[in-house]
$ cat structure.csv   # CSV, C-alpha atoms
chain,number,residue,atom,x,y,z
A,1,MET,CA,226.2,-2.8,194.9
A,2,ASP,CA,229.7,-4.0,194.3
A,3,ALA,CA,231.8,-1.4,192.6
A,4,GLY,CA,235.4,-2.0,191.5
A,5,LEU,CA,238.4,0.2,191.2
A,6,SER,CA,241.0,-1.5,189.1
A,7,PHE,CA,244.7,-1.1,189.8
A,8,SER,CA,247.8,-1.3,187.7
A,9,ALA,CA,251.3,-1.4,189.1
A,10,ALA,CA,251.5,2.4,188.5
A,11,ASP,CA,248.2,3.0,190.4
A,12,LEU,CA,249.6,1.1,193.4
A,13,ALA,CA,252.8,3.1,193.2
A,14,GLN,CA,250.7,6.3,193.3
A,15,THR,CA,248.5,5.3,196.2
A,16,ARG,CA,249.1,7.5,199.2
A,17,PHE,CA,247.6,8.8,202.5
A,18,ALA,CA,246.7,12.3,203.4
A,19,VAL,CA,245.2,14.0,206.5
A,20,SER,CA,242.6,16.5,205.1
A,21,PRO,CA,241.0,19.2,207.2
A,22,MET,CA,238.2,19.6,204.6
A,23,TRP,CA,237.2,16.0,204.9
A,24,GLU,CA,236.9,16.5,208.6
A,25,VAL,CA,234.8,19.6,207.9
A,26,VAL,CA,232.3,17.9,205.7
A,27,THR,CA,232.0,14.7,207.7
A,28,SER,CA,231.8,16.5,211.1
A,29,TYR,CA,229.2,18.9,209.7
A,30,ARG,CA,227.1,15.9,208.6
A,31,VAL,CA,227.3,14.5,212.1
A,32,VAL,CA,226.5,17.6,214.0
A,33,ALA,CA,223.7,18.7,211.6
A,34,HIS,CA,222.0,15.4,211.0
A,35,LEU,CA,223.2,12.9,213.6
A,36,PRO,CA,223.9,15.0,216.8
A,37,ASP,CA,223.1,12.0,219.1
A,38,SER,CA,225.5,9.7,217.3
A,39,ALA,CA,227.1,7.6,220.0
A,40,PRO,CA,230.8,8.1,219.1
A,41,HIS,CA,230.4,11.9,218.7
A,42,GLY,CA,227.5,12.8,220.9
A,43,ARG,CA,229.6,14.6,223.5
A,44,TRP,CA,231.3,16.7,220.9
A,45,ALA,CA,228.0,17.5,219.1
A,46,ALA,CA,226.3,18.6,222.3
A,47,GLN,CA,229.0,21.2,222.9
A,48,VAL,CA,229.3,22.4,219.3
A,49,ARG,CA,225.7,22.5,218.0
A,50,PRO,CA,224.5,25.4,220.1
A,51,ARG,CA,227.5,27.5,218.8
A,52,LEU,CA,226.6,26.7,215.2
A,53,VAL,CA,223.0,27.6,215.7
A,54,ARG,CA,223.9,30.9,217.3
A,55,ALA,CA,226.2,31.6,214.3
A,56,GLY,CA,223.5,30.6,211.8
A,57,LEU,CA,225.6,27.8,210.4
A,58,ASP,CA,222.7,25.4,210.7
A,59,ARG,CA,221.2,27.1,207.7
A,60,GLY,CA,224.2,28.3,205.7
A,61,TRP,CA,226.2,27.1,202.7
A,62,LEU,CA,227.3,23.9,204.4
A,63,ALA,CA,223.8,23.0,205.2
A,64,ALA,CA,222.9,23.3,201.5
A,65,LEU,CA,226.0,21.5,200.2
A,66,VAL,CA,226.3,18.7,202.8
A,67,PRO,CA,223.0,16.7,203.0
A,68,GLY,CA,222.4,14.1,205.7
A,69,LEU,CA,223.0,11.1,203.4
A,70,GLY,CA,224.6,10.3,200.1
A,71,TYR,CA,226.4,12.7,197.7
A,72,LEU,CA,228.0,15.9,198.9
A,73,ALA,CA,229.5,18.5,196.7
A,74,ASP,CA,232.9,17.3,195.4
A,75,PHE,CA,234.4,20.7,195.1
A,76,LEU,CA,234.5,20.8,198.9
A,77,ASN,CA,237.2,18.1,198.9
A,78,PRO,CA,240.0,19.2,196.6
A,79,THR,CA,242.9,16.8,196.1
A,80,PRO,CA,245.6,17.6,198.8
A,81,ALA,CA,249.0,18.3,197.3
A,82,GLY,CA,250.8,16.6,200.2
A,83,PRO,CA,250.2,14.3,203.1
A,84,PHE,CA,249.3,17.1,205.6
A,85,PRO,CA,247.6,20.0,203.8
A,86,THR,CA,246.5,23.0,205.8
A,87,LEU,CA,243.0,24.2,205.9
A,88,GLU,CA,244.0,27.4,204.2
A,89,SER,CA,245.5,25.6,201.3
A,90,GLU,CA,242.3,23.6,200.8
A,91,LEU,CA,240.2,26.7,201.1
A,92,ASP,CA,242.3,28.4,198.4
A,93,ALA,CA,241.6,25.4,196.2
A,94,ILE,CA,237.8,25.8,196.9
A,95,ARG,CA,237.9,29.5,196.1
A,96,ARG,CA,239.6,28.6,192.7
A,97,ALA,CA,237.2,25.8,191.9
A,98,SER,CA,236.1,25.6,188.2
A,99,PRO,CA,232.6,27.1,187.7
A,100,ALA,CA,231.8,24.2,185.4
A,101,ASP,CA,232.8,21.7,188.2
A,102,VAL,CA,230.7,23.6,190.7
A,103,ARG,CA,227.7,23.5,188.5
A,104,ASP,CA,228.2,19.8,187.8
A,105,ASP,CA,228.2,19.2,191.6
A,106,LEU,CA,225.0,21.2,191.9
A,107,ASP,CA,223.4,19.2,189.1
A,108,THR,CA,224.2,16.0,190.9
A,109,LEU,CA,222.8,17.4,194.2
A,110,GLU,CA,219.6,18.4,192.4
A,111,GLY,CA,219.4,15.0,190.7
A,112,LYS,CA,219.3,13.5,194.2
A,113,GLY,CA,216.6,15.8,195.4
A,114,VAL,CA,218.8,18.4,197.1
A,115,ALA,CA,218.0,21.9,195.7
A,116,PRO,CA,218.0,24.6,198.4
A,117,ALA,CA,217.0,28.0,197.0
A,118,ARG,CA,220.2,29.6,198.3
A,119,LEU,CA,222.3,27.5,195.8
A,120,ARG,CA,220.9,29.4,192.9
A,121,SER,CA,223.3,32.3,193.4
A,122,LEU,CA,226.2,29.8,193.6
A,123,ARG,CA,225.1,28.3,190.3
A,124,GLU,CA,224.7,31.8,188.7
A,125,ASP,CA,228.1,33.2,189.8
A,126,PRO,CA,230.4,30.6,191.4
A,127,ALA,CA,233.4,33.0,191.3
A,128,ALA,CA,231.6,35.5,193.4
A,129,VAL,CA,230.0,33.1,195.9
A,130,LEU,CA,232.8,30.6,196.5
A,131,PRO,CA,234.8,33.1,198.7
A,132,LYS,CA,231.6,33.4,200.9
A,133,VAL,CA,231.5,29.6,201.1
A,134,ALA,CA,235.1,29.5,202.2
A,135,ASP,CA,234.5,32.3,204.8
A,136,GLU,CA,231.7,30.2,206.3
A,137,ILE,CA,233.9,27.1,206.4
A,138,GLU,CA,236.5,29.2,208.3
A,139,THR,CA,233.9,30.2,210.8
A,140,TYR,CA,232.7,26.6,211.2
A,141,TRP,CA,236.3,25.5,211.7
A,142,GLU,CA,236.9,28.0,214.5
A,143,LEU,CA,233.7,27.0,216.3
A,144,ALA,CA,233.5,23.2,215.7
A,145,LEU,CA,237.0,21.8,215.0
A,146,ALA,CA,239.9,24.2,215.9
A,147,PRO,CA,239.4,23.8,219.7
A,148,TYR,CA,239.6,20.0,219.3
A,149,TRP,CA,242.1,19.8,216.4
A,150,ALA,CA,245.1,18.7,218.5
A,151,ARG,CA,243.4,15.5,219.6
A,152,ILE,CA,241.7,14.9,216.2
A,153,GLN,CA,245.0,15.4,214.4
A,154,LYS,CA,246.8,13.1,216.7
A,155,VAL,CA,244.4,10.2,215.9
A,156,LEU,CA,244.6,10.9,212.1
A,157,GLU,CA,248.3,11.1,212.0
A,158,ALA,CA,248.7,8.0,214.1
A,159,ASP,CA,246.4,6.1,211.6
A,160,VAL,CA,248.6,7.2,208.7
A,161,PHE,CA,251.8,6.2,210.4
A,162,HIS,CA,250.4,2.8,211.4
A,163,ARG,CA,249.2,2.0,207.9
A,164,ALA,CA,252.4,3.2,206.4
A,165,ARG,CA,254.2,0.7,208.6
A,166,GLN,CA,251.7,-2.0,207.6
A,167,VAL,CA,252.4,-1.3,203.9
A,168,ALA,CA,256.1,-1.7,204.5
A,169,GLU,CA,255.7,-4.9,206.4
A,170,HIS,CA,252.8,-6.6,204.6
A,171,GLY,CA,252.2,-4.8,201.4
A,172,SER,CA,249.4,-2.5,200.0
A,173,ALA,CA,246.9,-5.3,199.4
A,174,ARG,CA,246.6,-6.2,203.0
A,175,VAL,CA,246.3,-2.6,204.1
A,176,LEU,CA,243.6,-1.9,201.5
A,177,SER,CA,241.6,-4.9,202.7
A,178,GLU,CA,241.7,-3.7,206.4
A,179,LEU,CA,240.4,-0.2,205.8
A,180,HIS,CA,236.7,-1.0,206.4
A,181,GLU,CA,234.3,-3.9,206.4
A,182,THR,CA,232.8,-2.7,203.0
A,183,VAL,CA,236.2,-2.4,201.3
A,184,ARG,CA,237.8,-5.5,199.8
A,185,TRP,CA,240.9,-6.1,197.8
A,186,ASP,CA,240.3,-8.8,195.1
A,187,ASP,CA,243.0,-9.7,192.6
A,188,GLY,CA,244.0,-6.2,191.5
A,189,THR,CA,240.7,-4.6,192.2
A,190,LEU,CA,239.5,-2.6,195.2
A,191,ARG,CA,235.8,-3.4,195.7
A,192,LEU,CA,233.3,-1.4,197.7
A,193,VAL,CA,230.6,-3.8,198.8
A,194,ARG,CA,227.0,-2.7,199.2
A,195,ARG,CA,227.9,0.8,198.1
A,196,HIS,CA,225.4,3.1,196.3
A,197,CYS,CA,228.1,5.3,194.7
A,198,ALA,CA,230.6,3.7,192.4
A,199,LEU,CA,234.3,4.1,192.5
A,200,THR,CA,235.7,3.1,189.1
A,201,ARG,CA,238.9,4.0,187.2
A,202,ASP,CA,237.1,5.6,184.3
A,203,GLN,CA,235.6,8.3,186.6
A,204,ALA,CA,238.9,9.4,188.0
A,205,GLY,CA,242.7,9.6,187.4
A,206,SER,CA,245.5,7.2,188.4
A,207,GLY,CA,246.5,6.2,191.9
A,208,LEU,CA,244.3,6.4,195.0
A,209,LEU,CA,244.2,8.9,197.9
A,210,LEU,CA,243.3,7.4,201.3
A,211,VAL,CA,242.0,9.8,203.9
A,212,PRO,CA,241.5,8.7,207.5
A,213,SER,CA,238.6,10.5,209.2
A,214,VAL,CA,237.4,10.7,212.8
A,215,PHE,CA,233.9,11.5,211.7
A,216,ALA,CA,233.3,9.2,208.7
A,217,TRP,CA,232.1,6.3,210.7
A,218,PRO,CA,230.1,4.1,210.2
A,219,ARG,CA,230.8,4.3,206.4
A,220,VAL,CA,233.4,5.2,203.9
A,221,LEU,CA,233.0,8.2,201.6
A,222,THR,CA,234.4,8.6,198.1
A,223,ARG,CA,235.2,11.3,195.6
A,224,SER,CA,235.8,10.5,191.9
A,225,VAL,CA,236.5,13.5,189.7
A,226,HIS,CA,238.6,13.1,186.6
A,227,PRO,CA,241.6,13.7,186.2
A,228,ASP,CA,242.2,13.7,190.0
A,229,PRO,CA,243.0,10.5,191.8
A,230,PRO,CA,240.0,8.9,193.4
A,231,GLN,CA,239.7,9.6,197.1
A,232,LEU,CA,238.4,7.3,199.8
A,233,ALA,CA,237.7,8.6,203.3
A,234,TYR,CA,237.5,5.9,205.9
A,235,PRO,CA,237.1,5.7,209.7
A,236,ALA,CA,240.5,6.2,211.4
A,237,ARG,CA,241.8,3.7,214.0
A,238,GLY,CA,240.9,4.9,217.5
A,239,PHE,CA,238.2,7.4,216.4
A,240,GLY,CA,235.9,6.2,219.1
A,241,SER,CA,238.3,7.3,221.9
A,242,VAL,CA,238.8,10.9,220.7
A,243,TRP,CA,236.2,12.3,223.1
A,244,GLU,CA,236.8,10.0,226.1
A,245,PRO,CA,238.0,11.8,229.3
A,246,ARG,CA,241.6,11.2,229.9
A,247,THR,CA,243.4,10.4,233.1
A,248,THR,CA,246.2,12.5,234.3
A,249,ALA,CA,248.8,10.2,235.6
A,250,ALA,CA,251.6,12.8,235.4
A,251,THR,CA,249.7,15.5,237.2
A,252,ASP,CA,251.9,15.7,240.2
A,253,ALA,CA,255.1,15.9,238.2
A,254,VAL,CA,253.7,18.6,236.0
A,255,ALA,CA,252.4,20.5,239.0
A,256,ALA,CA,255.9,20.6,240.4
A,257,VAL,CA,256.9,22.6,237.4
A,258,LEU,CA,253.8,24.6,236.4
A,259,GLY,CA,252.1,24.9,239.8
A,260,ARG,CA,248.9,23.3,241.0
A,261,SER,CA,246.5,26.0,239.6
A,262,ARG,CA,247.9,25.9,236.1
A,263,THR,CA,248.0,22.1,236.1
A,264,LEU,CA,244.4,21.9,237.3
A,265,LEU,CA,243.4,24.2,234.4
A,266,LEU,CA,245.2,22.0,231.9
A,267,SER,CA,243.4,19.0,233.3
A,268,GLU,CA,240.0,20.7,233.1
A,269,LEU,CA,240.7,21.4,229.4
A,270,ASP,CA,240.0,17.9,228.4
A,271,THR,CA,237.2,19.6,226.5
A,272,PRO,CA,237.5,23.3,225.4
A,273,ALA,CA,236.1,25.8,228.0
A,274,SER,CA,235.7,29.5,228.6
A,275,THR,CA,237.3,31.5,231.4
A,276,THR,CA,234.0,31.6,233.2
A,277,GLN,CA,233.5,27.9,233.0
A,278,LEU,CA,237.0,27.1,234.2
A,279,ALA,CA,236.6,29.5,237.1
A,280,ALA,CA,233.4,27.8,238.2
A,281,HIS,CA,234.8,24.3,237.8
A,282,CYS,CA,238.2,25.0,239.5
A,283,GLY,CA,237.1,27.3,242.3
A,284,MET,CA,239.2,30.2,241.1
A,285,SER,CA,238.4,33.8,240.3
A,286,ALA,CA,237.9,34.7,236.6
A,287,ALA,CA,240.8,37.2,236.8
A,288,GLY,CA,243.1,34.5,238.2
A,289,VAL,CA,242.1,32.0,235.6
A,290,SER,CA,242.7,34.6,232.9
A,291,GLN,CA,246.2,35.4,234.1
A,292,HIS,CA,247.1,31.6,234.2
A,293,LEU,CA,245.7,31.1,230.7
A,294,ILE,CA,247.7,33.9,229.3
A,295,ALA,CA,250.9,32.3,230.7
A,296,LEU,CA,249.9,28.9,229.4
A,297,ARG,CA,249.1,30.3,226.0
A,298,ASN,CA,252.5,32.1,225.9
A,299,ALA,CA,254.1,28.8,226.7
A,300,GLY,CA,252.3,27.0,223.9
A,301,LEU,CA,250.2,24.8,226.2
A,302,VAL,CA,246.8,26.2,225.3
A,303,THR,CA,245.1,27.9,222.3
A,304,ALA,CA,242.3,30.4,222.2
A,305,HIS,CA,239.3,30.2,219.8
A,306,ARG,CA,236.5,32.8,219.6
A,307,SER,CA,232.9,31.5,219.9
A,308,GLY,CA,230.5,34.4,219.6
A,309,ARG,CA,231.1,36.6,222.6
A,310,SER,CA,233.1,34.0,224.4
A,311,VAL,CA,236.7,32.7,223.9
A,312,LEU,CA,237.2,28.9,224.3
A,313,TYR,CA,240.5,27.6,225.5
A,314,ALA,CA,241.9,24.3,224.4
A,315,ARG,CA,244.9,22.2,225.3
A,316,THR,CA,247.6,21.8,222.7
A,317,ALA,CA,249.3,18.6,221.7
A,318,VAL,CA,252.3,19.6,223.8
A,319,ALA,CA,250.1,19.9,226.9
A,320,ASP,CA,248.5,16.5,226.1
A,321,GLN,CA,251.9,15.0,226.0
A,322,LEU,CA,252.9,16.5,229.3
A,323,LEU,CA,249.8,15.2,231.1
A,324,HIS,CA,249.7,11.8,229.2
A,325,PRO,CA,253.3,10.8,228.5

$ encode --input "structure.csv" --output "structure tokens"
Amino acid sequence: MDAGLSFSAADLAQTRFAVSPMWEVVTSYRVVAHLPDSAPHGRWAAQVRPRLVRAGLDRGWLAALVPGLGYLADFLNPTPAGPFPTLESELDAIRRASPADVRDDLDTLEGKGVAPARLRSLREDPAAVLPKVADEIETYWELALAPYWARIQKVLEADVFHRARQVAEHGSARVLSELHETVRWDDGTLRLVRRHCALTRDQAGSGLLLVPSVFAWPRVLTRSVHPDPPQLAYPARGFGSVWEPRTTAATDAVAAVLGRSRTLLLSELDTPASTTQLAAHCGMSAAGVSQHLIALRNAGLVTAHRSGRSVLYARTAVADQLLHP
């Protein structure tokens, strides 16, 4: 199917980019729930899926609203007000979603054969159930994305800045043509080739919102809800390198400042880990690791994220920059 989104000069002027936490929530949930062995994200999914199962998130609201293929509930992806919305601002928009819009989304899901019994309560009383959906999303975020957000965000923001420079140097048409192999700019129209969901101007408002995603690959995803601008989530440049182990060329220099033990812990946090895991990997006592982590956290070099009875520690973007200048 070849669907076309026509552009006027005003639409081009209103085309913008945004990094959306909620787009990463829905695309990552689809990966971990339905494609856990997907090559680009298999390492991440192997770490995250057991946490989600223990928390019951493999059978919660997200499981009902984000099927493995095709349409997912539009109200989960509200239009960001700016280029870098917070998760909390997007969750507020979800909590305030129009009951009519929520029911329309449920009708669409049911029309495509997705009708879990638990969605009945959402249909009957959206205002009462949407806060529960938002609470589950917060739990999912803490378990699946927050420990990794520094490196995910770095890739997403780099994509936005790269494409903004490309727009300035070569114009919007070229950038739109380079988003994905199924996206083509053709004489004032953006065409989605071989797509099963249309993206047309009569379904949405003016402009276009372009959203890079680490988890969207291998496809692009769309949202068309009038009067909002249409949204197109596409694979970010460099998404495949997010989970690759990183070398630590600056380890000696950092160790001279932080000490060998704390530098070793930072190096081990290439993926989030608990105090017990770090102690086993680094040959330190759990008490010693805990003291070092407190100091690193106070210095803004690690963050802590609860996962059931454990706490996972993750490197911050500042620490990444120290180790990989």

$ atom_distance --input "structure.csv" --atom1 "atom CA of A:Tyr140" --atom2 "atom CA of A:Ala295"
27.3 Å

$ atom_distance --input "structure.csv" --atom1 "atom CA of A:Arg315" --atom2 "atom CA of A:Leu145"
13.0 Å

$ residues_around --input "structure.csv" --residues "A:Phe239" --least-positions-apart "6" --cutoff "9 Å" --atoms "all atoms listed in the file" --output "list in words"
Pro40, Ile152, Val155, Leu156, Ser213, Val214, Phe215 and Trp217 of chain A

$ closest_residue --input "structure.csv" --among "A:Val26, A:Leu62, A:Leu179, A:Ala144" --to "A:Arg118" --atoms "all atoms listed in the file"
A:Leu62

$ closest_residue --input "structure.csv" --among "A:Leu208, A:Ala216, A:Ala273, A:Ala319" --to "A:Pro230" --atoms "all atoms listed in the file"
A:Leu208

$ closest_residue --input "structure.csv" --among "A:Ser241, A:Ser307, A:Asp107, A:Leu221" --to "A:Gly70" --atoms "all atoms listed in the file"
A:Leu221

$ residues_around --input "structure.csv" --residues "A:Thr276" --least-positions-apart "2" --cutoff "10 Å" --atoms "all atoms listed in the file" --output "PyMOL selection string"
chain A and resi 273-274+278-281+284-287+289-290+310-312

$ residues_around --input "structure.csv" --residues "A:Val220" --least-positions-apart "6" --cutoff "10 Å" --atoms "only C-alpha atoms" --output "MDAnalysis selection string"
chainID A and resid 179:183 192 195 211:213 232:235

$ atom_distance --input "structure.csv" --atom1 "atom CA of A:Ala73" --atom2 "atom CA of A:Trp185"
27.1 Å

$ residues_around --input "structure.csv" --residues "A:Pro227" --least-positions-apart "2" --cutoff "9 Å" --atoms "all atoms listed in the file" --output "ChimeraX atom specification"
/A:203-206,224-225,229-230

$ residues_around --input "structure.csv" --residues "A:Ile94" --least-positions-apart "4" --cutoff "9 Å" --atoms "only C-alpha atoms" --output "count of residues only"
11

$ closest_residue --input "structure.csv" --among "A:His305, A:His170, A:His226, A:Arg237" --to "A:Asp101" --atoms "all atoms listed in the file"
A:His226

$ closest_residue --input "structure.csv" --among "A:Arg96, A:Thr316, A:Glu88, A:Pro36" --to "A:Asn298" --atoms "only C-alpha atoms"
A:Thr316

$ closest_residue --input "structure.csv" --among "A:Asp186, A:Glu244, A:Glu124, A:Glu136" --to "A:Gly56" --atoms "only C-alpha atoms"
A:Glu136
